[in-house]
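Working notes, beginning with the structure itself.
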Amino acid sequence: MKILKALRLPLVVSILGYDYEMVVVKSGLGPGYYEKLFDFATAFTVGGPSGVKKLIEMGCPKEKIHIISLAVDPEQISFEKGKKRNDKLKLLQIATITDKKGYLTTLNAYKLAKKHYPNITLTIIGEPLDPILVETMEEFIVSNHLTDVKLDFEIKSYKELNSIFQMHDVFIHPSKTPPSKDRETAPVIMMDAQLAGLPVLSTFHADIPEIVLHGKTGFLVEEEDFEALSDSIVKFLKMEEIEFQSFRKNARNHIETNFNAKDKALELYNLYGKIVKQNEI
């Protein structure tokens, strides 16, 4: 900030999930952590409406906040023709192994659904950043005899996503706010999955309701409500092919239309241009 003040340059700050509360908690400086930044910066970008609300609560002037959502390139993820397997459902979760990704909610929901519908399978892929959580997940799987759950801790390249998506039917990612306050914004992997035609099962967390349309491109439940999540799994299992294909097409169209990286880049470019013009000396 000292350098920027000396140079008399405008400052645009982008805020994502980790930045709202976890940084504040870790700093130990309390609610006023961003006070000087709110006063000095020209503009702030957030991923969606929940970000706007949170920044205002933290003391940021509303007129400085702009929504520039995260986005993806539709050309990188293919939409293949595919039918839901009769009386079978292959679930997929891809995310770093951290508390906010809701893995224990996933496993509890899967356990409950599996009890009555044995033809459901679950694949979990993620970098094991939290070894304690990894151990807890492995113990849960063993103690509940969920031997068909596939755990894959190998880091995947972006190019591998297409083939991984095509081997599954529904994407599951029940995000939550952990004690650390390391909340999400809107996980990009949910956008990737929908581009591939996978409906999403998630939660009413942060800006997820903006990228997953409840009842249209997936189903959302309250955080950590594994029983409701299990019911949603069963909905997709029992869903008729015509309705399932409607979810698939809606998912692709929603992300392609509203979260296209080229469109969002242009929005950001225009915001920068407007700010530069307003601050010309």
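Residue numbering restarts at 1 in every chain; chains get A, B, ... in the order shown in the structure tokens, and ligands count up from 1 in that same order.
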In stretch 7-121 of chain A, DSSP strand (DSSP E or B) residues written as number ranges by chain: A: 12-14, 43-46, 65-67, 72, 89-94, 120-121
Report as a PDB file with N, CA, C and O atoms, in the first residue's frame all protein, DNA and RNA residues lying within 12 Å of A:Met191, evaluated on only C-alpha atoms, omitting residues in the same chain fewer than 6 positions from it.
ATOM      1  N   SER A  69     -17.446 -13.401 -11.532  1.00  0.00           N
ATOM      2  CA  SER A  69     -17.432 -14.798 -11.086  1.00  0.00           C
ATOM      3  C   SER A  69     -16.272 -15.574 -11.687  1.00  0.00           C
ATOM      4  O   SER A  69     -15.739 -15.220 -12.741  1.00  0.00           O
ATOM      5  N   LEU A  70     -15.884 -16.635 -10.987  1.00  0.00           N
ATOM      6  CA  LEU A  70     -14.926 -17.571 -11.550  1.00  0.00           C
ATOM      7  C   LEU A  70     -15.549 -18.203 -12.789  1.00  0.00           C
ATOM      8  O   LEU A  70     -16.769 -18.219 -12.942  1.00  0.00           O
ATOM      9  N   ALA A  71     -14.738 -18.737 -13.667  1.00  0.00           N
ATOM     10  CA  ALA A  71     -15.268 -19.210 -14.945  1.00  0.00           C
ATOM     11  C   ALA A  71     -14.365 -20.286 -15.541  1.00  0.00           C
ATOM     12  O   ALA A  71     -13.260 -20.542 -15.047  1.00  0.00           O
ATOM     13  N   VAL A  72     -14.854 -20.908 -16.603  1.00  0.00           N
ATOM     14  CA  VAL A  72     -14.126 -21.995 -17.266  1.00  0.00           C
ATOM     15  C   VAL A  72     -14.200 -21.825 -18.788  1.00  0.00           C
ATOM     16  O   VAL A  72     -15.005 -21.051 -19.295  1.00  0.00           O
ATOM     17  N   ASP A  73     -13.362 -22.574 -19.469  1.00  0.00           N
ATOM     18  CA  ASP A  73     -13.354 -22.560 -20.930  1.00  0.00           C
ATOM     19  C   ASP A  73     -14.118 -23.781 -21.441  1.00  0.00           C
ATOM     20  O   ASP A  73     -13.635 -24.912 -21.334  1.00  0.00           O
ATOM     21  N   PRO A  74     -15.326 -23.591 -21.975  1.00  0.00           N
ATOM     22  CA  PRO A  74     -16.145 -24.721 -22.433  1.00  0.00           C
ATOM     23  C   PRO A  74     -15.458 -25.599 -23.471  1.00  0.00           C
ATOM     24  O   PRO A  74     -15.789 -26.786 -23.603  1.00  0.00           O
ATOM     25  N   GLN A  76     -12.583 -26.755 -23.381  1.00  0.00           N
ATOM     26  CA  GLN A  76     -11.656 -27.702 -22.763  1.00  0.00           C
ATOM     27  C   GLN A  76     -12.346 -28.952 -22.215  1.00  0.00           C
ATOM     28  O   GLN A  76     -11.691 -29.949 -21.930  1.00  0.00           O
ATOM     29  N   ILE A  77     -13.662 -28.888 -22.050  1.00  0.00           N
ATOM     30  CA  ILE A  77     -14.415 -30.017 -21.503  1.00  0.00           C
ATOM     31  C   ILE A  77     -15.490 -30.426 -22.508  1.00  0.00           C
ATOM     32  O   ILE A  77     -16.321 -29.614 -22.902  1.00  0.00           O
ATOM     33  N   ILE A  94     -14.311 -34.850  -6.799  1.00  0.00           N
ATOM     34  CA  ILE A  94     -12.922 -34.444  -7.035  1.00  0.00           C
ATOM     35  C   ILE A  94     -12.681 -33.139  -6.297  1.00  0.00           C
ATOM     36  O   ILE A  94     -13.349 -32.133  -6.556  1.00  0.00           O
ATOM     37  N   LEU A 161      -9.500 -34.892 -17.032  1.00  0.00           N
ATOM     38  CA  LEU A 161     -10.856 -34.750 -16.510  1.00  0.00           C
ATOM     39  C   LEU A 161     -11.915 -35.313 -17.447  1.00  0.00           C
ATOM     40  O   LEU A 161     -12.874 -35.947 -17.004  1.00  0.00           O
ATOM     41  N   PHE A 165     -14.731 -37.839 -16.094  1.00  0.00           N
ATOM     42  CA  PHE A 165     -16.149 -37.461 -16.045  1.00  0.00           C
ATOM     43  C   PHE A 165     -17.023 -38.469 -16.790  1.00  0.00           C
ATOM     44  O   PHE A 165     -18.103 -38.838 -16.338  1.00  0.00           O
ATOM     45  N   PHE A 171     -21.934 -35.799 -10.117  1.00  0.00           N
ATOM     46  CA  PHE A 171     -20.834 -35.224  -9.347  1.00  0.00           C
ATOM     47  C   PHE A 171     -21.361 -34.823  -7.975  1.00  0.00           C
ATOM     48  O   PHE A 171     -22.426 -34.224  -7.862  1.00  0.00           O
ATOM     49  N   HIS A 173     -20.339 -32.936  -4.171  1.00  0.00           N
ATOM     50  CA  HIS A 173     -19.343 -32.025  -3.580  1.00  0.00           C
ATOM     51  C   HIS A 173     -20.057 -31.166  -2.523  1.00  0.00           C
ATOM     52  O   HIS A 173     -20.326 -29.980  -2.739  1.00  0.00           O
ATOM     53  N   GLY A 197     -21.645 -32.600 -18.533  1.00  0.00           N
ATOM     54  CA  GLY A 197     -22.978 -33.169 -18.478  1.00  0.00           C
ATOM     55  C   GLY A 197     -23.297 -33.909 -17.198  1.00  0.00           C
ATOM     56  O   GLY A 197     -24.275 -34.653 -17.139  1.00  0.00           O
ATOM     57  N   LEU A 198     -22.491 -33.711 -16.164  1.00  0.00           N
ATOM     58  CA  LEU A 198     -22.763 -34.355 -14.886  1.00  0.00           C
ATOM     59  C   LEU A 198     -23.588 -33.415 -14.002  1.00  0.00           C
ATOM     60  O   LEU A 198     -23.132 -32.316 -13.669  1.00  0.00           O
ATOM     61  N   PRO A 199     -24.794 -33.821 -13.616  1.00  0.00           N
ATOM     62  CA  PRO A 199     -25.535 -33.049 -12.622  1.00  0.00           C
ATOM     63  C   PRO A 199     -24.742 -33.042 -11.314  1.00  0.00           C
ATOM     64  O   PRO A 199     -23.931 -33.946 -11.065  1.00  0.00           O
ATOM     65  N   VAL A 200     -24.980 -32.045 -10.465  1.00  0.00           N
ATOM     66  CA  VAL A 200     -24.185 -31.886  -9.247  1.00  0.00           C
ATOM     67  C   VAL A 200     -25.053 -31.967  -7.994  1.00  0.00           C
ATOM     68  O   VAL A 200     -26.126 -31.380  -7.925  1.00  0.00           O
ATOM     69  N   ILE A 208     -22.326 -21.277  -4.358  1.00  0.00           N
ATOM     70  CA  ILE A 208     -22.653 -22.517  -5.063  1.00  0.00           C
ATOM     71  C   ILE A 208     -24.052 -22.477  -5.690  1.00  0.00           C
ATOM     72  O   ILE A 208     -24.239 -22.965  -6.815  1.00  0.00           O
ATOM     73  N   PRO A 209     -25.066 -21.879  -5.027  1.00  0.00           N
ATOM     74  CA  PRO A 209     -26.391 -21.812  -5.674  1.00  0.00           C
ATOM     75  C   PRO A 209     -26.407 -21.022  -6.975  1.00  0.00           C
ATOM     76  O   PRO A 209     -27.372 -21.124  -7.745  1.00  0.00           O
ATOM     77  N   GLU A 210     -25.365 -20.239  -7.241  1.00  0.00           N
ATOM     78  CA  GLU A 210     -25.269 -19.520  -8.506  1.00  0.00           C
ATOM     79  C   GLU A 210     -24.809 -20.448  -9.627  1.00  0.00           C
ATOM     80  O   GLU A 210     -25.207 -20.277 -10.782  1.00  0.00           O
ATOM     81  N   ILE A 211     -23.959 -21.416  -9.292  1.00  0.00           N
ATOM     82  CA  ILE A 211     -23.413 -22.283 -10.343  1.00  0.00           C
ATOM     83  C   ILE A 211     -24.159 -23.616 -10.458  1.00  0.00           C
ATOM     84  O   ILE A 211     -24.123 -24.253 -11.502  1.00  0.00           O
ATOM     85  N   VAL A 212     -24.820 -24.031  -9.380  1.00  0.00           N
ATOM     86  CA  VAL A 212     -25.644 -25.243  -9.417  1.00  0.00           C
ATOM     87  C   VAL A 212     -27.086 -24.826  -9.165  1.00  0.00           C
ATOM     88  O   VAL A 212     -27.430 -24.394  -8.066  1.00  0.00           O
ATOM     89  N   LEU A 213     -27.924 -24.941 -10.172  1.00  0.00           N
ATOM     90  CA  LEU A 213     -29.315 -24.514 -10.064  1.00  0.00           C
ATOM     91  C   LEU A 213     -30.150 -25.654  -9.486  1.00  0.00           C
ATOM     92  O   LEU A 213     -30.333 -26.686 -10.129  1.00  0.00           O
ATOM     93  N   THR A 217     -30.045 -28.170 -12.573  1.00  0.00           N
ATOM     94  CA  THR A 217     -28.748 -28.741 -12.959  1.00  0.00           C
ATOM     95  C   THR A 217     -28.187 -29.637 -11.859  1.00  0.00           C
ATOM     96  O   THR A 217     -27.096 -30.166 -11.982  1.00  0.00           O
ATOM     97  N   GLY A 218     -28.933 -29.769 -10.782  1.00  0.00           N
ATOM     98  CA  GLY A 218     -28.517 -30.601  -9.661  1.00  0.00           C
ATOM     99  C   GLY A 218     -29.446 -30.408  -8.488  1.00  0.00           C
ATOM    100  O   GLY A 218     -30.505 -29.794  -8.621  1.00  0.00           O
ATOM    101  N   ALA A 251     -27.220 -28.503 -17.343  1.00  0.00           N
ATOM    102  CA  ALA A 251     -25.932 -28.272 -16.687  1.00  0.00           C
ATOM    103  C   ALA A 251     -24.919 -27.691 -17.670  1.00  0.00           C
ATOM    104  O   ALA A 251     -24.257 -26.681 -17.381  1.00  0.00           O
ATOM    105  N   ARG A 252     -24.792 -28.315 -18.817  1.00  0.00           N
ATOM    106  CA  ARG A 252     -23.856 -27.826 -19.835  1.00  0.00           C
ATOM    107  C   ARG A 252     -24.218 -26.418 -20.276  1.00  0.00           C
ATOM    108  O   ARG A 252     -23.360 -25.518 -20.321  1.00  0.00           O
ATOM    109  N   ASN A 253     -25.476 -26.205 -20.583  1.00  0.00           N
ATOM    110  CA  ASN A 253     -25.917 -24.913 -21.097  1.00  0.00           C
ATOM    111  C   ASN A 253     -25.723 -23.798 -20.069  1.00  0.00           C
ATOM    112  O   ASN A 253     -25.304 -22.680 -20.407  1.00  0.00           O
ATOM    113  N   HIS A 254     -26.019 -24.087 -18.806  1.00  0.00           N
ATOM    114  CA  HIS A 254     -25.902 -23.082 -17.746  1.00  0.00           C
ATOM    115  C   HIS A 254     -24.470 -22.577 -17.612  1.00  0.00           C
ATOM    116  O   HIS A 254     -24.223 -21.366 -17.550  1.00  0.00           O
ATOM    117  N   ILE A 255     -23.515 -23.492 -17.575  1.00  0.00           N
ATOM    118  CA  ILE A 255     -22.114 -23.088 -17.406  1.00  0.00           C
ATOM    119  C   ILE A 255     -21.577 -22.433 -18.671  1.00  0.00           C
ATOM    120  O   ILE A 255     -20.894 -21.404 -18.621  1.00  0.00           O
ATOM    121  N   GLU A 256     -21.905 -23.006 -19.807  1.00  0.00           N
ATOM    122  CA  GLU A 256     -21.430 -22.472 -21.087  1.00  0.00           C
ATOM    123  C   GLU A 256     -21.932 -21.049 -21.304  1.00  0.00           C
ATOM    124  O   GLU A 256     -21.199 -20.188 -21.816  1.00  0.00           O
ATOM    125  N   THR A 257     -23.157 -20.776 -20.871  1.00  0.00           N
ATOM    126  CA  THR A 257     -23.772 -19.469 -21.093  1.00  0.00           C
ATOM    127  C   THR A 257     -23.366 -18.435 -20.055  1.00  0.00           C
ATOM    128  O   THR A 257     -23.096 -17.276 -20.398  1.00  0.00           O
ATOM    129  N   ASN A 258     -23.283 -18.843 -18.797  1.00  0.00           N
ATOM    130  CA  ASN A 258     -23.136 -17.877 -17.711  1.00  0.00           C
ATOM    131  C   ASN A 258     -21.763 -17.833 -17.047  1.00  0.00           C
ATOM    132  O   ASN A 258     -21.482 -16.892 -16.294  1.00  0.00           O
ATOM    133  N   PHE A 259     -20.908 -18.817 -17.329  1.00  0.00           N
ATOM    134  CA  PHE A 259     -19.601 -18.853 -16.669  1.00  0.00           C
ATOM    135  C   PHE A 259     -18.491 -19.143 -17.671  1.00  0.00           C
ATOM    136  O   PHE A 259     -17.585 -19.934 -17.414  1.00  0.00           O
ATOM    137  N   ASN A 260     -18.589 -18.490 -18.815  1.00  0.00           N
ATOM    138  CA  ASN A 260     -17.597 -18.642 -19.873  1.00  0.00           C
ATOM    139  C   ASN A 260     -16.405 -17.725 -19.580  1.00  0.00           C
ATOM    140  O   ASN A 260     -16.563 -16.523 -19.366  1.00  0.00           O
ATOM    141  N   ALA A 261     -15.219 -18.293 -19.560  1.00  0.00           N
ATOM    142  CA  ALA A 261     -14.016 -17.544 -19.185  1.00  0.00           C
ATOM    143  C   ALA A 261     -13.768 -16.334 -20.084  1.00  0.00           C
ATOM    144  O   ALA A 261     -13.301 -15.291 -19.622  1.00  0.00           O
TER     145      ALA A 261
END
Atomic separation - atom CA of A:Lys100 relative to atom CA of A:Ile132, Å: 13.8 Å
Residue with smallest distance to A:Glu223 - pool A:Thr123, A:Ser163, A:Thr106, A:Ser14, counting only C-alpha atoms: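 Selected residue with least distance to A:Glu223: A:Thr106.
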Residues within 8 Å of stretch 36-49 of chain A, only C-alpha atoms, excluding chain neighbours under 4 positions, as a PyMOL selection string: chain A and resi 10-16+53+59-61+64-70+185-186+207+210+275
Requested write-out: C-alpha atoms of the selected residues, as a PDB file, in the first residue's frame:
ATOM      1  CA  PRO A  10      -5.459   2.577  -8.443  1.00  0.00           C
ATOM      2  CA  LEU A  11      -5.755  -0.835  -6.783  1.00  0.00           C
ATOM      3  CA  VAL A  12      -8.208  -3.632  -7.619  1.00  0.00           C
ATOM      4  CA  VAL A  13      -8.383  -6.467  -5.067  1.00  0.00           C
ATOM      5  CA  SER A  14      -9.901  -9.885  -5.814  1.00  0.00           C
ATOM      6  CA  ILE A  15     -11.366 -11.710  -2.801  1.00  0.00           C
ATOM      7  CA  LEU A  16     -11.942 -15.484  -2.782  1.00  0.00           C
ATOM      8  CA  LYS A  53     -22.916  -9.564   1.353  1.00  0.00           C
ATOM      9  CA  GLY A  59     -17.160  -2.877   6.358  1.00  0.00           C
ATOM     10  CA  CYS A  60     -16.406  -2.539   2.645  1.00  0.00           C
ATOM     11  CA  PRO A  61     -18.332   0.245   0.835  1.00  0.00           C
ATOM     12  CA  LYS A  64     -16.558  -0.545  -4.485  1.00  0.00           C
ATOM     13  CA  ILE A  65     -17.676  -4.176  -4.892  1.00  0.00           C
ATOM     14  CA  HIS A  66     -18.034  -5.826  -8.310  1.00  0.00           C
ATOM     15  CA  ILE A  67     -19.094  -9.394  -9.108  1.00  0.00           C
ATOM     16  CA  ILE A  68     -16.691 -11.105 -11.500  1.00  0.00           C
ATOM     17  CA  SER A  69     -17.432 -14.798 -11.086  1.00  0.00           C
ATOM     18  CA  LEU A  70     -14.926 -17.571 -11.550  1.00  0.00           C
ATOM     19  CA  THR A 185     -16.420 -19.232  -3.268  1.00  0.00           C
ATOM     20  CA  ALA A 186     -17.755 -21.426  -6.074  1.00  0.00           C
ATOM     21  CA  ASP A 207     -22.006 -18.875  -4.173  1.00  0.00           C
ATOM     22  CA  GLU A 210     -25.269 -19.520  -8.506  1.00  0.00           C
ATOM     23  CA  ILE A 275     -10.910   2.461 -13.291  1.00  0.00           C
TER      24      ILE A 275
END
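Using only C-alpha atoms, the nearest neighbour of A:Leu195 within the list A:Phe140, A:Phe236, A:Phe79, A:Tyr34 is A:Phe79.
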Give me, as a tab-separated table, the closest atom pair and its distance (Å, one decimal) for every residue of stretch 179-278 of chain A within a cut-off of 10 Å of stretch 111-116 of chain A, counting only C-alpha atoms, rows sorted by chain and rising number.
residue	atom	partner	partner_atom	distance
A:Phe226	CA	A:Leu112	CA	8.4
A:Glu227	CA	A:Leu112	CA	7.4
A:Leu229	CA	A:Ala113	CA	9.1
A:Ser230	CA	A:Ala113	CA	5.4
A:Asp231	CA	A:Ala113	CA	7.4
A:Ser232	CA	A:Ala113	CA	9.3
A:Ile233	CA	A:Ala113	CA	7.1
A:Val234	CA	A:Ala113	CA	6.7
A:Leu237	CA	A:Ala113	CA	9.9
Write the residues of the preceding selection, restricted to N, CA and C atoms, as a PDB file, in the first residue's frame.
ATOM      1  N   PHE A 226     -26.455 -34.992   5.701  1.00  0.00           N
ATOM      2  CA  PHE A 226     -26.173 -36.176   4.884  1.00  0.00           C
ATOM      3  C   PHE A 226     -27.434 -36.959   4.558  1.00  0.00           C
ATOM      4  N   GLU A 227     -28.461 -36.866   5.402  1.00  0.00           N
ATOM      5  CA  GLU A 227     -29.705 -37.577   5.116  1.00  0.00           C
ATOM      6  C   GLU A 227     -30.398 -36.997   3.879  1.00  0.00           C
ATOM      7  N   LEU A 229     -28.881 -35.312   1.581  1.00  0.00           N
ATOM      8  CA  LEU A 229     -27.978 -35.600   0.469  1.00  0.00           C
ATOM      9  C   LEU A 229     -28.191 -37.028  -0.025  1.00  0.00           C
ATOM     10  N   SER A 230     -28.390 -37.943   0.893  1.00  0.00           N
ATOM     11  CA  SER A 230     -28.660 -39.330   0.521  1.00  0.00           C
ATOM     12  C   SER A 230     -29.956 -39.432  -0.277  1.00  0.00           C
ATOM     13  N   ASP A 231     -30.971 -38.703   0.148  1.00  0.00           N
ATOM     14  CA  ASP A 231     -32.241 -38.692  -0.582  1.00  0.00           C
ATOM     15  C   ASP A 231     -32.040 -38.180  -2.017  1.00  0.00           C
ATOM     16  N   SER A 232     -31.171 -37.195  -2.166  1.00  0.00           N
ATOM     17  CA  SER A 232     -30.904 -36.636  -3.494  1.00  0.00           C
ATOM     18  C   SER A 232     -30.165 -37.636  -4.376  1.00  0.00           C
ATOM     19  N   ILE A 233     -29.277 -38.406  -3.769  1.00  0.00           N
ATOM     20  CA  ILE A 233     -28.592 -39.469  -4.517  1.00  0.00           C
ATOM     21  C   ILE A 233     -29.624 -40.449  -5.072  1.00  0.00           C
ATOM     22  N   VAL A 234     -30.557 -40.835  -4.220  1.00  0.00           N
ATOM     23  CA  VAL A 234     -31.585 -41.795  -4.623  1.00  0.00           C
ATOM     24  C   VAL A 234     -32.487 -41.215  -5.716  1.00  0.00           C
ATOM     25  N   LEU A 237     -30.769 -41.844  -8.850  1.00  0.00           N
ATOM     26  CA  LEU A 237     -30.780 -43.274  -9.142  1.00  0.00           C
ATOM     27  C   LEU A 237     -32.102 -43.699  -9.773  1.00  0.00           C
TER      28      LEU A 237
END
Within 12 Å of A:Met239 using only C-alpha atoms, minus same-chain residues under 5 positions, as a ChimeraX atom specification: /A:83-89,169-170,232-234,244-247
Generate a file of the selected residues that holds all heavy atoms, formatted as a CSV table (one decimal), in the first residue's frame.
chain,number,residue,atom,x,y,z
A,83,LYS,N,-26.0,-42.3,-21.5
A,83,LYS,CA,-27.2,-42.6,-20.8
A,83,LYS,C,-26.9,-43.0,-19.3
A,83,LYS,O,-25.8,-43.6,-19.1
A,83,LYS,CB,-28.0,-43.7,-21.5
A,83,LYS,CG,-28.5,-43.3,-22.8
A,83,LYS,CD,-29.3,-44.5,-23.4
A,83,LYS,CE,-30.0,-44.1,-24.8
A,83,LYS,NZ,-30.8,-45.1,-25.3
A,84,LYS,N,-27.8,-42.7,-18.5
A,84,LYS,CA,-27.7,-43.2,-17.1
A,84,LYS,C,-27.9,-44.7,-17.1
A,84,LYS,O,-28.8,-45.3,-17.7
A,84,LYS,CB,-28.8,-42.6,-16.2
A,84,LYS,CG,-28.7,-43.0,-14.7
A,84,LYS,CD,-29.5,-42.1,-13.9
A,84,LYS,CE,-31.0,-42.4,-14.1
A,84,LYS,NZ,-31.4,-43.7,-13.5
A,85,ARG,N,-27.0,-45.4,-16.4
A,85,ARG,CA,-27.1,-46.9,-16.4
A,85,ARG,C,-28.4,-47.3,-15.6
A,85,ARG,O,-28.6,-46.8,-14.5
A,85,ARG,CB,-25.9,-47.5,-15.8
A,85,ARG,CG,-24.6,-47.1,-16.6
A,85,ARG,CD,-23.4,-47.0,-15.7
A,85,ARG,NE,-22.2,-46.5,-16.4
A,85,ARG,CZ,-21.9,-45.2,-16.6
A,85,ARG,NH1,-22.7,-44.3,-16.2
A,85,ARG,NH2,-20.9,-44.9,-17.3
A,86,ASN,N,-29.2,-48.2,-16.1
A,86,ASN,CA,-30.4,-48.6,-15.4
A,86,ASN,C,-30.1,-49.2,-14.0
A,86,ASN,O,-29.3,-50.1,-13.9
A,86,ASN,CB,-31.1,-49.7,-16.3
A,86,ASN,CG,-31.7,-49.1,-17.5
A,86,ASN,OD1,-32.0,-48.0,-17.6
A,86,ASN,ND2,-31.8,-50.0,-18.5
A,87,ASP,N,-30.8,-48.7,-13.0
A,87,ASP,CA,-30.6,-49.1,-11.7
A,87,ASP,C,-29.2,-49.0,-11.1
A,87,ASP,O,-28.9,-49.7,-10.2
A,87,ASP,CB,-31.2,-50.6,-11.5
A,87,ASP,CG,-32.6,-50.7,-11.9
A,87,ASP,OD1,-33.4,-49.7,-11.5
A,87,ASP,OD2,-33.0,-51.7,-12.5
A,88,LYS,N,-28.4,-48.2,-11.8
A,88,LYS,CA,-27.0,-48.0,-11.3
A,88,LYS,C,-26.7,-46.5,-11.3
A,88,LYS,O,-27.2,-45.8,-12.1
A,88,LYS,CB,-26.0,-48.8,-12.2
A,88,LYS,CG,-26.1,-50.3,-12.1
A,88,LYS,CD,-25.0,-50.9,-13.0
A,88,LYS,CE,-25.1,-52.4,-13.0
A,88,LYS,NZ,-24.1,-53.1,-13.8
A,89,LEU,N,-25.8,-46.1,-10.4
A,89,LEU,CA,-25.4,-44.7,-10.3
A,89,LEU,C,-24.0,-44.6,-9.9
A,89,LEU,O,-23.6,-45.2,-8.8
A,89,LEU,CB,-26.3,-43.9,-9.4
A,89,LEU,CG,-26.2,-42.4,-9.5
A,89,LEU,CD1,-26.9,-41.9,-10.8
A,89,LEU,CD2,-26.9,-41.7,-8.3
A,169,ASP,N,-21.7,-40.7,-13.5
A,169,ASP,CA,-23.1,-40.2,-13.8
A,169,ASP,C,-23.4,-38.9,-13.1
A,169,ASP,O,-24.0,-38.0,-13.7
A,169,ASP,CB,-24.1,-41.2,-13.3
A,169,ASP,CG,-24.0,-42.5,-14.0
A,169,ASP,OD1,-23.9,-42.6,-15.2
A,169,ASP,OD2,-23.9,-43.5,-13.3
A,170,VAL,N,-23.0,-38.7,-11.8
A,170,VAL,CA,-23.3,-37.6,-11.0
A,170,VAL,C,-22.1,-37.1,-10.2
A,170,VAL,O,-21.4,-37.9,-9.7
A,170,VAL,CB,-24.5,-37.9,-10.1
A,170,VAL,CG1,-24.8,-36.7,-9.1
A,170,VAL,CG2,-25.8,-38.2,-10.9
A,232,SER,N,-31.2,-37.2,-2.2
A,232,SER,CA,-30.9,-36.6,-3.5
A,232,SER,C,-30.2,-37.6,-4.4
A,232,SER,O,-30.4,-37.7,-5.6
A,232,SER,CB,-30.1,-35.3,-3.4
A,232,SER,OG,-30.8,-34.3,-2.7
A,233,ILE,N,-29.3,-38.4,-3.8
A,233,ILE,CA,-28.6,-39.5,-4.5
A,233,ILE,C,-29.6,-40.4,-5.1
A,233,ILE,O,-29.6,-40.8,-6.2
A,233,ILE,CB,-27.6,-40.2,-3.6
A,233,ILE,CG1,-26.4,-39.3,-3.2
A,233,ILE,CG2,-27.1,-41.5,-4.3
A,233,ILE,CD1,-25.5,-39.9,-2.2
A,234,VAL,N,-30.6,-40.8,-4.2
A,234,VAL,CA,-31.6,-41.8,-4.6
A,234,VAL,C,-32.5,-41.2,-5.7
A,234,VAL,O,-32.9,-41.9,-6.6
A,234,VAL,CB,-32.4,-42.2,-3.4
A,234,VAL,CG1,-33.6,-43.1,-3.8
A,234,VAL,CG2,-31.5,-43.0,-2.4
A,244,PHE,N,-33.3,-37.2,-16.6
A,244,PHE,CA,-31.9,-37.2,-16.3
A,244,PHE,C,-31.2,-36.4,-17.5
A,244,PHE,O,-30.2,-35.6,-17.2
A,244,PHE,CB,-31.4,-38.6,-16.2
A,244,PHE,CG,-29.9,-38.7,-15.8
A,244,PHE,CD1,-29.5,-38.4,-14.5
A,244,PHE,CD2,-28.9,-39.0,-16.8
A,244,PHE,CE1,-28.1,-38.4,-14.2
A,244,PHE,CE2,-27.6,-39.1,-16.4
A,244,PHE,CZ,-27.2,-38.8,-15.1
A,245,GLN,N,-31.5,-36.7,-18.7
A,245,GLN,CA,-30.9,-36.0,-19.8
A,245,GLN,C,-31.2,-34.5,-19.8
A,245,GLN,O,-30.4,-33.7,-20.2
A,245,GLN,CB,-31.4,-36.6,-21.2
A,245,GLN,CG,-30.9,-38.0,-21.4
A,245,GLN,CD,-29.4,-38.1,-21.5
A,245,GLN,OE1,-28.7,-37.2,-21.9
A,245,GLN,NE2,-28.9,-39.2,-21.0
A,246,SER,N,-32.4,-34.1,-19.3
A,246,SER,CA,-32.7,-32.7,-19.1
A,246,SER,C,-31.7,-32.1,-18.2
A,246,SER,O,-31.2,-31.0,-18.4
A,246,SER,CB,-34.1,-32.6,-18.6
A,246,SER,OG,-34.4,-31.2,-18.4
A,247,PHE,N,-31.4,-32.7,-17.0
A,247,PHE,CA,-30.4,-32.2,-16.1
A,247,PHE,C,-29.1,-32.1,-16.8
A,247,PHE,O,-28.4,-31.1,-16.6
A,247,PHE,CB,-30.3,-33.2,-14.9
A,247,PHE,CG,-31.3,-32.8,-13.8
A,247,PHE,CD1,-32.6,-33.3,-13.8
A,247,PHE,CD2,-30.9,-32.1,-12.7
A,247,PHE,CE1,-33.4,-33.0,-12.7
A,247,PHE,CE2,-31.7,-31.8,-11.7
A,247,PHE,CZ,-33.0,-32.3,-11.7
